[in-house]
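**Student:** Next comes the structure file start-v9.cif, holding mmCIF, C-alpha atoms and all ligand atoms.
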data_model
loop_
_atom_site.group_PDB
_atom_site.id
_atom_site.type_symbol
_atom_site.label_atom_id
_atom_site.label_comp_id
_atom_site.auth_asym_id
_atom_site.auth_seq_id
_atom_site.Cartn_x
_atom_site.Cartn_y
_atom_site.Cartn_z
ATOM 1 C CA MET A 296 21.292 1.753 -0.136
ATOM 2 C CA ILE A 297 18.290 0.501 1.846
ATOM 3 C CA ARG A 298 18.803 -3.021 3.182
ATOM 4 C CA VAL A 299 15.524 -4.933 3.097
ATOM 5 C CA GLY A 300 14.244 -8.299 4.259
ATOM 6 C CA LEU A 301 11.127 -9.745 2.637
ATOM 7 C CA ILE A 302 8.743 -12.133 4.416
ATOM 8 C CA GLY A 303 6.609 -14.222 2.061
ATOM 9 C CA HIS A 304 7.642 -15.763 -1.243
ATOM 10 C CA GLY A 305 4.272 -16.662 -2.693
ATOM 11 C CA LYS A 306 2.466 -15.077 -5.643
ATOM 12 C CA ALA A 307 2.766 -11.526 -4.309
ATOM 13 C CA GLY A 308 6.129 -11.910 -2.539
ATOM 14 C CA GLN A 309 7.876 -13.170 -5.683
ATOM 15 C CA ALA A 310 6.625 -10.193 -7.689
ATOM 16 C CA VAL A 311 7.716 -7.814 -4.924
ATOM 17 C CA ALA A 312 11.158 -9.417 -4.842
ATOM 18 C CA THR A 313 11.492 -8.852 -8.600
ATOM 19 C CA VAL A 314 10.836 -5.123 -8.190
ATOM 20 C CA LEU A 315 13.192 -4.740 -5.208
ATOM 21 C CA LYS A 316 16.021 -6.518 -7.037
ATOM 22 C CA GLN A 317 15.622 -4.218 -10.059
ATOM 23 C CA ASP A 318 15.581 -1.004 -7.998
ATOM 24 C CA PRO A 319 19.106 0.311 -7.319
ATOM 25 C CA ARG A 320 17.956 2.007 -4.088
ATOM 26 C CA PHE A 321 17.491 -1.398 -2.426
ATOM 27 C CA ALA A 322 19.593 -4.360 -1.399
ATOM 28 C CA LEU A 323 17.328 -7.368 -0.832
ATOM 29 C CA ARG A 324 19.302 -9.209 1.854
ATOM 30 C CA TRP A 325 17.049 -12.207 2.492
ATOM 31 C CA ILE A 326 13.608 -13.661 1.855
ATOM 32 C CA ALA A 327 11.789 -15.593 4.577
ATOM 33 C CA ARG A 328 9.030 -18.136 4.101
ATOM 34 C CA ARG A 329 7.113 -20.469 6.393
ATOM 35 C CA GLN A 330 8.938 -23.690 5.601
ATOM 36 C CA GLY A 331 11.545 -25.270 3.334
ATOM 37 C CA GLU A 332 15.319 -25.590 3.301
ATOM 38 C CA VAL A 333 17.884 -22.799 3.545
ATOM 39 C CA GLY A 334 18.649 -21.942 -0.074
ATOM 40 C CA GLN A 335 18.557 -19.140 -2.620
ATOM 41 C CA ASP A 336 16.097 -17.735 -5.128
ATOM 42 C CA ASN A 337 16.903 -17.621 -8.860
ATOM 43 C CA ASP A 338 19.052 -14.507 -8.397
ATOM 44 C CA GLY A 339 21.051 -15.802 -5.439
ATOM 45 C CA VAL A 340 19.117 -13.995 -2.677
ATOM 46 C CA PRO A 341 19.028 -16.178 0.468
ATOM 47 C CA LEU A 342 15.623 -17.867 0.851
ATOM 48 C CA LEU A 343 14.964 -19.588 4.174
ATOM 49 C CA PRO A 344 12.374 -20.291 6.878
ATOM 50 C CA LEU A 345 11.389 -17.330 9.054
ATOM 51 C CA ALA A 346 12.382 -19.209 12.211
ATOM 52 C CA ARG A 347 15.931 -19.459 10.844
ATOM 53 C CA VAL A 348 16.036 -15.741 9.938
ATOM 54 C CA LEU A 349 15.011 -14.726 13.459
ATOM 55 C CA THR A 350 18.224 -15.985 15.047
ATOM 56 C CA ASP A 351 20.953 -13.668 16.341
ATOM 57 C CA ASP A 352 23.510 -15.415 14.149
ATOM 58 C CA TRP A 353 21.570 -14.810 10.930
ATOM 59 C CA LEU A 354 20.521 -11.258 11.697
ATOM 60 C CA SER A 355 23.970 -10.179 12.852
ATOM 61 C CA ALA A 356 25.413 -11.461 9.583
ATOM 62 C CA HIS A 357 22.515 -10.122 7.453
ATOM 63 C CA PRO A 358 21.246 -6.888 9.105
ATOM 64 C CA VAL A 359 18.421 -4.942 7.454
ATOM 65 C CA ASP A 360 16.944 -1.459 7.822
ATOM 66 C CA GLY A 361 13.411 -2.566 7.105
ATOM 67 C CA VAL A 362 11.177 -5.538 6.437
ATOM 68 C CA ILE A 363 8.310 -5.967 3.991
ATOM 69 C CA ASP A 364 5.693 -8.564 4.921
ATOM 70 C CA PHE A 365 3.670 -10.368 2.232
ATOM 71 C CA SER A 366 3.119 -13.583 4.192
ATOM 72 C CA SER A 367 0.094 -14.159 6.449
ATOM 73 C CA ARG A 368 -1.583 -12.509 9.396
ATOM 74 C CA GLU A 369 0.117 -14.650 12.051
ATOM 75 C CA SER A 370 3.716 -13.759 11.075
ATOM 76 C CA ILE A 371 3.786 -10.347 12.743
ATOM 77 C CA HIS A 372 3.239 -12.084 16.078
ATOM 78 C CA ILE A 373 6.273 -14.281 15.335
ATOM 79 C CA TYR A 374 8.750 -11.572 14.252
ATOM 80 C CA GLY A 375 7.285 -8.543 16.101
ATOM 81 C CA ALA A 376 9.565 -8.687 19.142
ATOM 82 C CA VAL A 377 12.663 -9.004 16.936
ATOM 83 C CA ALA A 378 11.461 -6.131 14.731
ATOM 84 C CA ARG A 379 11.175 -3.935 17.815
ATOM 85 C CA ALA A 380 14.518 -5.000 19.280
ATOM 86 C CA ARG A 381 16.317 -4.452 15.976
ATOM 87 C CA ARG A 382 14.491 -1.199 15.176
ATOM 88 C CA TRP A 383 13.238 -2.394 11.796
ATOM 89 C CA ALA A 384 10.974 -0.169 9.789
ATOM 90 C CA LEU A 385 8.063 -2.481 9.021
ATOM 91 C CA VAL A 386 5.813 -2.429 5.960
ATOM 92 C CA SER A 387 3.026 -4.971 6.400
ATOM 93 C CA ALA A 388 0.883 -5.593 3.321
ATOM 94 C CA ILE A 389 -1.310 -8.235 4.926
ATOM 95 C CA SER A 390 -4.873 -7.740 3.716
ATOM 96 C CA ALA A 391 -6.629 -9.865 6.332
ATOM 97 C CA TYR A 392 -5.539 -8.452 9.694
ATOM 98 C CA ASP A 393 -8.184 -8.625 12.404
ATOM 99 C CA ASP A 394 -8.561 -6.054 15.181
ATOM 100 C CA GLY A 395 -6.172 -7.968 17.460
ATOM 101 C CA ASP A 396 -3.450 -8.036 14.794
ATOM 102 C CA LEU A 397 -3.835 -4.308 14.180
ATOM 103 C CA THR A 398 -3.691 -3.597 17.906
ATOM 104 C CA PHE A 399 -0.440 -5.565 18.101
ATOM 105 C CA ALA A 400 0.974 -3.633 15.115
ATOM 106 C CA GLN A 401 0.004 -0.350 16.792
ATOM 107 C CA HIS A 402 1.658 -1.531 19.994
ATOM 108 C CA LEU A 403 4.916 -2.117 18.088
ATOM 109 C CA ALA A 404 4.561 1.358 16.587
ATOM 110 C CA ARG A 405 5.186 2.931 19.981
ATOM 111 C CA ASP A 406 8.856 2.079 19.413
ATOM 112 C CA ILE A 407 9.353 1.552 15.680
ATOM 113 C CA ARG A 408 7.943 2.722 12.337
ATOM 114 C CA VAL A 409 5.068 0.487 11.245
ATOM 115 C CA LEU A 410 2.956 0.841 8.117
ATOM 116 C CA CYS A 411 -0.050 -1.418 7.511
ATOM 117 C CA SER A 412 -1.591 -1.314 4.070
ATOM 118 C CA PRO A 413 -4.231 -3.828 2.955
ATOM 119 C CA ASN A 414 -3.960 -2.343 -0.540
ATOM 120 C CA ILE A 415 -0.454 -1.231 -1.300
ATOM 121 C CA THR A 416 -0.484 -0.110 -4.929
ATOM 122 C CA ILE A 417 0.420 3.525 -5.497
ATOM 123 C CA GLY A 418 -2.367 3.811 -8.070
ATOM 124 C CA ILE A 419 -5.260 2.734 -5.848
ATOM 125 C CA ASN A 420 -4.039 4.831 -2.942
ATOM 126 C CA PHE A 421 -3.635 7.856 -5.201
ATOM 127 C CA MET A 422 -7.124 7.212 -6.547
ATOM 128 C CA MET A 423 -8.547 7.236 -3.015
ATOM 129 C CA VAL A 424 -6.830 10.504 -2.140
ATOM 130 C CA ALA A 425 -7.852 12.158 -5.429
ATOM 131 C CA ALA A 426 -11.457 10.934 -5.209
ATOM 132 C CA ARG A 427 -11.796 12.114 -1.610
ATOM 133 C CA LEU A 428 -10.429 15.512 -2.574
ATOM 134 C CA LEU A 429 -12.875 15.908 -5.445
ATOM 135 C CA ARG A 430 -15.770 14.688 -3.285
ATOM 136 C CA GLN A 431 -14.867 17.339 -0.722
ATOM 137 C CA ILE A 432 -14.565 20.058 -3.364
ATOM 138 C CA ALA A 433 -17.786 19.074 -5.129
ATOM 139 C CA PRO A 434 -20.145 17.398 -2.635
ATOM 140 C CA HIS A 435 -23.153 17.850 -4.965
ATOM 141 C CA ALA A 436 -21.740 15.900 -7.897
ATOM 142 C CA ASP A 437 -23.268 12.473 -8.597
ATOM 143 C CA VAL A 438 -20.754 9.735 -7.733
ATOM 144 C CA GLU A 439 -20.733 6.080 -8.803
ATOM 145 C CA ILE A 440 -18.104 3.367 -8.451
ATOM 146 C CA LEU A 441 -17.539 0.783 -11.161
ATOM 147 C CA GLU A 442 -15.410 -2.309 -10.563
ATOM 148 C CA GLN A 443 -14.596 -4.995 -13.146
ATOM 149 C CA HIS A 444 -12.840 -8.290 -12.417
ATOM 150 C CA PHE A 445 -12.324 -11.773 -13.882
ATOM 151 C CA ARG A 446 -15.405 -13.932 -14.398
ATOM 152 C CA ASP A 447 -14.969 -16.128 -11.293
ATOM 153 C CA LYS A 448 -14.422 -13.444 -8.648
ATOM 154 C CA PRO A 449 -17.439 -14.048 -6.407
ATOM 155 C CA GLU A 450 -17.511 -11.083 -4.038
ATOM 156 C CA VAL A 451 -17.719 -7.327 -4.504
ATOM 157 C CA SER A 452 -14.190 -5.910 -4.625
ATOM 158 C CA GLY A 453 -12.852 -4.965 -1.171
ATOM 159 C CA THR A 454 -11.130 -1.976 -2.754
ATOM 160 C CA ALA A 455 -14.446 -0.755 -4.205
ATOM 161 C CA ARG A 456 -16.083 -1.112 -0.782
ATOM 162 C CA LYS A 457 -13.250 0.837 0.811
ATOM 163 C CA LEU A 458 -13.612 3.531 -1.838
ATOM 164 C CA ALA A 459 -17.328 3.748 -1.097
ATOM 165 C CA LYS A 460 -16.650 4.038 2.634
ATOM 166 C CA GLN A 461 -14.046 6.746 2.147
ATOM 167 C CA LEU A 462 -16.402 8.700 -0.114
ATOM 168 C CA ASP A 463 -19.305 8.268 2.308
ATOM 169 C CA LEU A 464 -21.365 6.387 -0.304
ATOM 170 C CA ASP A 465 -23.747 3.483 0.181
ATOM 171 C CA GLU A 466 -22.411 0.223 -1.196
ATOM 172 C CA ASP A 467 -25.333 0.150 -3.646
ATOM 173 C CA ARG A 468 -23.482 2.879 -5.525
ATOM 174 C CA ILE A 469 -20.993 0.154 -6.606
ATOM 175 C CA THR A 470 -21.562 -1.587 -9.946
ATOM 176 C CA SER A 471 -19.694 -4.881 -10.399
ATOM 177 C CA LEU A 472 -19.018 -6.470 -13.790
ATOM 178 C CA ARG A 473 -17.511 -9.960 -14.140
ATOM 179 C CA LEU A 474 -15.889 -10.508 -17.524
ATOM 180 C CA GLY A 475 -13.286 -12.944 -18.841
ATOM 181 C CA GLY A 476 -9.861 -12.443 -17.267
ATOM 182 C CA ILE A 477 -9.861 -8.792 -16.174
ATOM 183 C CA VAL A 478 -7.207 -8.471 -13.431
ATOM 184 C CA GLY A 479 -8.743 -5.450 -11.716
ATOM 185 C CA HIS A 480 -10.437 -2.264 -12.877
ATOM 186 C CA HIS A 481 -11.731 0.396 -10.484
ATOM 187 C CA GLU A 482 -13.363 3.598 -11.594
ATOM 188 C CA VAL A 483 -14.894 6.480 -9.669
ATOM 189 C CA ILE A 484 -17.190 8.578 -11.849
ATOM 190 C CA PHE A 485 -18.151 12.110 -10.848
ATOM 191 C CA GLY A 486 -21.121 13.452 -12.790
ATOM 192 C CA PHE A 487 -21.393 17.253 -13.012
ATOM 193 C CA PRO A 488 -23.949 19.182 -15.054
ATOM 194 C CA TYR A 489 -21.456 20.218 -17.703
ATOM 195 C CA GLN A 490 -18.605 17.763 -17.331
ATOM 196 C CA THR A 491 -17.754 14.259 -16.168
ATOM 197 C CA VAL A 492 -14.639 13.278 -14.237
ATOM 198 C CA ARG A 493 -13.497 9.651 -14.251
ATOM 199 C CA ILE A 494 -10.670 8.447 -12.023
ATOM 200 C CA VAL A 495 -9.601 5.041 -13.327
ATOM 201 C CA HIS A 496 -7.151 2.445 -12.074
ATOM 202 C CA GLU A 497 -6.206 -0.662 -14.043
ATOM 203 C CA ALA A 498 -4.199 -3.423 -12.391
ATOM 204 C CA ILE A 499 -1.788 -4.996 -14.870
ATOM 205 C CA ARG A 500 0.648 -7.181 -12.921
ATOM 206 C CA ARG A 501 1.418 -8.108 -9.291
ATOM 207 C CA GLU A 502 4.691 -6.193 -9.579
ATOM 208 C CA ALA A 503 2.555 -3.105 -8.807
ATOM 209 C CA PHE A 504 2.551 -4.347 -5.182
ATOM 210 C CA GLY A 505 6.355 -4.149 -5.264
ATOM 211 C CA THR A 506 6.368 -0.585 -6.553
ATOM 212 C CA GLY A 507 4.014 0.393 -3.732
ATOM 213 C CA ALA A 508 6.028 -1.461 -1.086
ATOM 214 C CA ALA A 509 9.265 0.166 -2.322
ATOM 215 C CA PHE A 510 7.665 3.613 -2.104
ATOM 216 C CA ALA A 511 6.277 2.825 1.349
ATOM 217 C CA ILE A 512 9.505 1.628 2.907
ATOM 218 C CA SER A 513 11.642 4.420 1.464
ATOM 219 C CA GLU A 514 9.171 7.041 2.775
ATOM 220 C CA LEU A 515 8.687 5.251 6.097
ATOM 221 C CA LEU A 516 12.419 5.312 6.784
ATOM 222 C CA GLN A 517 12.243 9.122 6.773
ATOM 223 C CA GLN A 518 9.523 9.201 9.441
ATOM 224 C CA PRO A 519 9.721 8.966 13.232
ATOM 225 C CA ALA A 520 8.423 5.888 15.063
ATOM 226 C CA GLY A 521 4.662 5.586 14.791
ATOM 227 C CA PHE A 522 1.784 3.862 13.049
ATOM 228 C CA TYR A 523 1.150 4.817 9.423
ATOM 229 C CA ARG A 524 -1.208 3.992 6.605
ATOM 230 C CA PHE A 525 -0.272 4.377 2.966
ATOM 231 C CA GLU A 526 -2.475 7.438 2.608
ATOM 232 C CA ASP A 527 -0.576 9.153 5.463
ATOM 233 C CA LEU A 528 2.579 9.013 3.328
ATOM 234 C CA LEU A 529 0.730 10.345 0.282
ATOM 235 C CA HIS A 530 -0.837 13.156 2.314
ATOM 236 C CA GLN A 531 2.567 14.144 3.592
ATOM 237 C CA ARG A 532 3.934 14.269 0.030
ATOM 238 C CA LEU A 533 0.898 16.282 -1.035
ATOM 239 C CA HIS A 534 1.328 18.815 1.766
ATOM 240 C CA GLU A 535 5.015 19.232 0.956
ATOM 241 C CA ASP A 536 4.194 19.733 -2.707
ATOM 242 C CA LEU A 537 1.422 22.248 -2.035
ATOM 243 C CA ALA A 538 3.767 24.222 0.223
ATOM 244 C CA ARG A 539 6.245 24.584 -2.665
ATOM 245 C CA PRO A 540 5.587 27.625 -4.894
ATOM 246 C CA VAL A 541 4.837 26.608 -8.488
ATOM 247 C CA PHE A 542 5.496 30.089 -9.862
ATOM 248 C CA ALA A 543 6.269 33.510 -8.428
ATOM 249 C CA ALA A 544 3.151 35.115 -6.940
ATOM 250 C CA PRO A 545 2.106 38.443 -8.507
ATOM 251 C CA PRO A 546 3.099 41.477 -6.432
ATOM 252 C CA GLY A 547 0.748 42.014 -3.507
ATOM 253 C CA GLN A 548 -0.838 38.540 -3.733
ATOM 254 C CA GLN A 549 -1.103 36.965 -0.307
ATOM 255 C CA LYS A 550 0.803 33.764 0.202
ATOM 256 C CA GLY A 551 -1.593 30.844 0.625
ATOM 257 C CA ALA A 552 -4.654 32.741 -0.661
ATOM 258 C CA ARG A 553 -7.245 30.390 -2.216
ATOM 259 C CA ARG A 554 -9.393 31.004 -5.253
ATOM 260 C CA PRO A 555 -13.083 30.257 -4.795
ATOM 261 C CA LEU A 556 -13.789 26.672 -5.820
ATOM 262 C CA GLU A 557 -16.724 27.798 -7.970
ATOM 263 C CA ASP A 558 -14.158 29.323 -10.354
ATOM 264 C CA THR A 559 -12.846 25.946 -11.307
ATOM 265 C CA VAL A 560 -15.538 23.340 -10.686
ATOM 266 C CA ASP A 561 -19.171 23.002 -11.781
ATOM 267 C CA THR A 562 -21.581 22.720 -8.887
ATOM 268 C CA ALA A 563 -25.006 21.164 -9.283
ATOM 269 C CA SER A 564 -27.580 22.876 -7.139
HETATM 270 N N1 LIG A 601 -1.620 -5.183 0.470
HETATM 271 C C1 LIG A 601 -1.768 -5.625 -0.779
HETATM 272 O O1 LIG A 601 -2.006 -4.852 -1.716
HETATM 273 C C2 LIG A 601 -1.615 -7.095 -1.049
HETATM 274 C C3 LIG A 601 -1.546 -7.580 -2.348
HETATM 275 C C4 LIG A 601 -1.365 -8.947 -2.549
HETATM 276 C C5 LIG A 601 -1.271 -9.794 -1.459
HETATM 277 N N2 LIG A 601 -1.354 -9.288 -0.201
HETATM 278 C C6 LIG A 601 -1.230 -10.138 0.985
HETATM 279 O O2 LIG A 601 0.017 -10.804 0.923
HETATM 280 C C7 LIG A 601 -0.101 -12.064 1.554
HETATM 281 C C8 LIG A 601 0.454 -13.124 0.620
HETATM 282 O O3 LIG A 601 -0.357 -13.250 -0.534
HETATM 283 P P1 LIG A 601 0.018 -14.313 -1.671
HETATM 284 O O4 LIG A 601 -1.056 -14.264 -2.675
HETATM 285 O O5 LIG A 601 1.424 -14.093 -2.105
HETATM 286 O O6 LIG A 601 -0.068 -15.687 -0.828
HETATM 287 P P2 LIG A 601 0.670 -17.047 -1.090
HETATM 288 O O7 LIG A 601 0.940 -17.235 -2.539
HETATM 289 O O8 LIG A 601 -0.114 -18.084 -0.350
HETATM 290 O O9 LIG A 601 2.121 -16.896 -0.365
HETATM 291 C C9 LIG A 601 2.249 -16.738 1.015
HETATM 292 C C10 LIG A 601 3.735 -16.724 1.359
HETATM 293 O O10 LIG A 601 3.879 -16.335 2.729
HETATM 294 C C11 LIG A 601 4.617 -17.336 3.423
HETATM 295 N N3 LIG A 601 4.096 -17.441 4.795
HETATM 296 C C12 LIG A 601 2.817 -17.649 5.174
HETATM 297 N N4 LIG A 601 2.747 -17.685 6.504
HETATM 298 C C13 LIG A 601 3.994 -17.499 6.979
HETATM 299 C C14 LIG A 601 4.565 -17.445 8.271
HETATM 300 N N5 LIG A 601 3.841 -17.623 9.377
HETATM 301 N N6 LIG A 601 5.896 -17.220 8.382
HETATM 302 C C15 LIG A 601 6.647 -17.043 7.267
HETATM 303 N N7 LIG A 601 6.175 -17.097 6.009
HETATM 304 C C16 LIG A 601 4.858 -17.322 5.877
HETATM 305 C C17 LIG A 601 4.440 -18.609 2.639
HETATM 306 O O11 LIG A 601 5.519 -19.474 2.944
HETATM 307 P P3 LIG A 601 5.738 -20.887 2.173
HETATM 308 O O12 LIG A 601 6.287 -20.509 0.817
HETATM 309 O O13 LIG A 601 6.744 -21.596 3.018
HETATM 310 O O14 LIG A 601 4.400 -21.545 2.124
HETATM 311 C C18 LIG A 601 4.434 -18.072 1.220
HETATM 312 O O15 LIG A 601 5.746 -17.905 0.741
HETATM 313 C C19 LIG A 601 -1.573 -12.236 1.907
HETATM 314 O O16 LIG A 601 -1.728 -11.903 3.283
HETATM 315 C C20 LIG A 601 -2.287 -11.209 1.067
HETATM 316 O O17 LIG A 601 -3.435 -10.702 1.702
HETATM 317 C C21 LIG A 601 -1.529 -7.964 0.010
#
Rewrite the structure of this file - the entire thing - as structure tokens.
**Tutor:**
Amino acid sequence: MIRVGLIGHGKAGQAVATVLKQDPRFALRWIARRQGEVGQDNDGVPLLPLARVLTDDWLSAHPVDGVIDFSSRESIHIYGAVARARRWALVSAISAYDDGDLTFAQHLARDIRVLCSPNITIGINFMMVAARLLRQIAPHADVEILEQHFRDKPEVSGTARKLAKQLDLDEDRITSLRLGGIVGHHEVIFGFPYQTVRIVHEAIRREAFGTGAAFAISELLQQPAGFYRFEDLLHQRLHEDLARPVFAAPPGQQKGARRPLEDTVDTAS
């Protein structure tokens, strides 16, 4: 059983707590917030100010293996020293870290396991890995990014911009549609001469952040101290999976031999 502390009990934190409480691999030991009284959430999990959590008394009585942070960018500077002293594995989902915050997180990662992920859903991170792989395999395919969000979202999606950066595309390759109440739709379209590949992600509920955070902390706890991004964990899984034989190789076939890519993918010249 992985003992977890959660920092942040706002819109995202509450959804993450729901997922952690439903997952039998985890024991959610406490939830910290900025202010308020010492109390409990609806399921009896202690809910209290971060300053109160960071006391020897509380942490000795409620030890955790790792902490998930869905609060704000300043918190890591408040709990960082305690995280290092107590050897917490740290999953920070803060989207708005500046360079100084990231430098501090990397400094902590000299001694403990730290993962920073501004977008922590498994789906979006898988999409980035898959799209990068296909872009590498088929650099001549046409590529466009489509993002759709609720009517009042003013800016181009940060996830779409990150996708464009990772695929080495200009941001003018992003098309944004604003319609009704769409939570979040991202699509990378690869146009080949004889086929089209679409990689699509649809956000449904905030609980998806919890699924991603649960994956991240369980994987992080198997790693040595260091600084990680979500895609590092996915790459590691991918490498392990590729190293596993899917079926027995025919006699004489060299282990690890690759088929030419042209066998499987159209290339536009
Ligand atoms: N990586 C991702 O995919 C992802 C997805 C969603 C959100 N996020 C990030 O998660 C964070 C929270 O988002 P949200 O929409 O849930 O915000 P929110 O509704 O405003 O909730 C913020 C929560 O964090 C707590 N908090 C803020 N500063 C704190 C501090 N210094 N010490 C302790 N607790 C503190 C607040 O405490 P009080 O309750 O006492 O006010 C509140 O419970 C944001 O940084 C956002 O960027 C990331």
**Student:** How would you write, as a PyMOL selection string, the residues chosen by the PyMOL selection byres (((not hetatm)) within 7 of (chain A and resi 601)) on this structure?
**Tutor:** chain A and resi 302-308+327-331+344-345+365-370+388-391+412-416+504
**Student:** Using C-alpha atoms, can you export the residues from the last selection as a PDB file, keeping the file's coordinate frame?
**Tutor:**
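Once written, part_4.pdb looks like this:
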ATOM      1  CA  ILE A 302       8.743 -12.133   4.416  1.00  0.00           C
ATOM      2  CA  GLY A 303       6.609 -14.222   2.061  1.00  0.00           C
ATOM      3  CA  HIS A 304       7.642 -15.763  -1.243  1.00  0.00           C
ATOM      4  CA  GLY A 305       4.272 -16.662  -2.693  1.00  0.00           C
ATOM      5  CA  LYS A 306       2.466 -15.077  -5.643  1.00  0.00           C
ATOM      6  CA  ALA A 307       2.766 -11.526  -4.309  1.00  0.00           C
ATOM      7  CA  GLY A 308       6.129 -11.910  -2.539  1.00  0.00           C
ATOM      8  CA  ALA A 327      11.789 -15.593   4.577  1.00  0.00           C
ATOM      9  CA  ARG A 328       9.030 -18.136   4.101  1.00  0.00           C
ATOM     10  CA  ARG A 329       7.113 -20.469   6.393  1.00  0.00           C
ATOM     11  CA  GLN A 330       8.938 -23.690   5.601  1.00  0.00           C
ATOM     12  CA  GLY A 331      11.545 -25.270   3.334  1.00  0.00           C
ATOM     13  CA  PRO A 344      12.374 -20.291   6.878  1.00  0.00           C
ATOM     14  CA  LEU A 345      11.389 -17.330   9.054  1.00  0.00           C
ATOM     15  CA  PHE A 365       3.670 -10.368   2.232  1.00  0.00           C
ATOM     16  CA  SER A 366       3.119 -13.583   4.192  1.00  0.00           C
ATOM     17  CA  SER A 367       0.094 -14.159   6.449  1.00  0.00           C
ATOM     18  CA  ARG A 368      -1.583 -12.509   9.396  1.00  0.00           C
ATOM     19  CA  GLU A 369       0.117 -14.650  12.051  1.00  0.00           C
ATOM     20  CA  SER A 370       3.716 -13.759  11.075  1.00  0.00           C
ATOM     21  CA  ALA A 388       0.883  -5.593   3.321  1.00  0.00           C
ATOM     22  CA  ILE A 389      -1.310  -8.235   4.926  1.00  0.00           C
ATOM     23  CA  SER A 390      -4.873  -7.740   3.716  1.00  0.00           C
ATOM     24  CA  ALA A 391      -6.629  -9.865   6.332  1.00  0.00           C
ATOM     25  CA  SER A 412      -1.591  -1.314   4.070  1.00  0.00           C
ATOM     26  CA  PRO A 413      -4.231  -3.828   2.955  1.00  0.00           C
ATOM     27  CA  ASN A 414      -3.960  -2.343  -0.540  1.00  0.00           C
ATOM     28  CA  ILE A 415      -0.454  -1.231  -1.300  1.00  0.00           C
ATOM     29  CA  THR A 416      -0.484  -0.110  -4.929  1.00  0.00           C
ATOM     30  CA  PHE A 504       2.551  -4.347  -5.182  1.00  0.00           C
TER      31      PHE A 504
END
**Student:** Given the file shown, determine the residues that the PyMOL selection byres (((chain A and resi 315) around 10) and not hetatm) selects; report them as a count of residues only.
**Tutor:** 21
**Student:** Name the residues that the PyMOL selection byres (((chain A and resi 404) around 12) and not hetatm) picks from the file above, as a PyMOL selection string, using the file's chain letters and numbers.
**Tutor:** chain A and resi 375-376+378-379+382-386+397-403+405-411+515+518-524
**Student:** Using only C-alpha atoms, which of A:Pro449, A:Gly418, A:Gly334, A:Pro434 sits nearest His480 in chain A?
**Tutor:**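 Among the listed residues, the smallest separation from His480 in chain A belongs to A:Gly418.
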**Student:** Interatomic distance between CA of Val478 in chain A and CA of Glu466 in chain A?
**Tutor:** 21.4 Å
**Student:** Which of these residues is nearest to Ala498 in chain A, using only C-alpha atoms: A:Phe510, A:Tyr374, A:Phe445, A:Phe485?
**Tutor:** A:Phe445
**Student:** Give me the residues near Arg427 in chain A as a VMD selection string, where near means some atom within 9 Å (using all atoms listed in the file) and where sequence neighbours in that chain fewer than 3 positions away do not count.
**Tutor:** chain A and resid 422 to 424 430 to 432 458 461 to 462
**Student:** As a list of chain:residue names, please: the residues near Val483 in chain A (cut-off 6 Å, only C-alpha atoms, same-chain neighbours under 2 positions excluded).
**Tutor:**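 Here the qualifying residues turn out to be A:Glu439, A:Ile440, A:Arg493, A:Ile494.
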**Student:** If I only have part of range 519-529 of chain A, can you fill in N, CA and C atoms and write it as a PDB file, keeping the file's coordinate frame?
**Tutor:**
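Output saved as result-v7.pdb:
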ATOM      1  N   PRO A 519       9.459   9.444  11.870  1.00  0.00           N
ATOM      2  CA  PRO A 519       9.721   8.966  13.232  1.00  0.00           C
ATOM      3  C   PRO A 519       8.899   7.718  13.527  1.00  0.00           C
ATOM      4  N   ALA A 520       9.203   7.065  14.645  1.00  0.00           N
ATOM      5  CA  ALA A 520       8.423   5.888  15.063  1.00  0.00           C
ATOM      6  C   ALA A 520       6.950   6.267  15.129  1.00  0.00           C
ATOM      7  N   GLY A 521       6.102   5.313  14.752  1.00  0.00           N
ATOM      8  CA  GLY A 521       4.662   5.586  14.791  1.00  0.00           C
ATOM      9  C   GLY A 521       3.943   4.635  13.867  1.00  0.00           C
ATOM     10  N   PHE A 522       2.620   4.740  13.876  1.00  0.00           N
ATOM     11  CA  PHE A 522       1.784   3.862  13.049  1.00  0.00           C
ATOM     12  C   PHE A 522       1.285   4.658  11.841  1.00  0.00           C
ATOM     13  N   TYR A 523       1.482   4.109  10.657  1.00  0.00           N
ATOM     14  CA  TYR A 523       1.150   4.817   9.423  1.00  0.00           C
ATOM     15  C   TYR A 523       0.271   3.950   8.533  1.00  0.00           C
ATOM     16  N   ARG A 524      -0.524   4.642   7.718  1.00  0.00           N
ATOM     17  CA  ARG A 524      -1.208   3.992   6.605  1.00  0.00           C
ATOM     18  C   ARG A 524      -0.658   4.606   5.327  1.00  0.00           C
ATOM     19  N   PHE A 525      -0.863   3.913   4.231  1.00  0.00           N
ATOM     20  CA  PHE A 525      -0.272   4.377   2.966  1.00  0.00           C
ATOM     21  C   PHE A 525      -0.696   5.814   2.670  1.00  0.00           C
ATOM     22  N   GLU A 526      -1.976   6.104   2.949  1.00  0.00           N
ATOM     23  CA  GLU A 526      -2.475   7.438   2.608  1.00  0.00           C
ATOM     24  C   GLU A 526      -1.798   8.526   3.450  1.00  0.00           C
ATOM     25  N   ASP A 527      -1.309   8.157   4.659  1.00  0.00           N
ATOM     26  CA  ASP A 527      -0.576   9.153   5.463  1.00  0.00           C
ATOM     27  C   ASP A 527       0.678   9.610   4.716  1.00  0.00           C
ATOM     28  N   LEU A 528       1.358   8.657   4.067  1.00  0.00           N
ATOM     29  CA  LEU A 528       2.579   9.013   3.328  1.00  0.00           C
ATOM     30  C   LEU A 528       2.240   9.874   2.116  1.00  0.00           C
ATOM     31  N   LEU A 529       1.136   9.532   1.442  1.00  0.00           N
ATOM     32  CA  LEU A 529       0.730  10.345   0.282  1.00  0.00           C
ATOM     33  C   LEU A 529       0.316  11.748   0.718  1.00  0.00           C
TER      34      LEU A 529
END
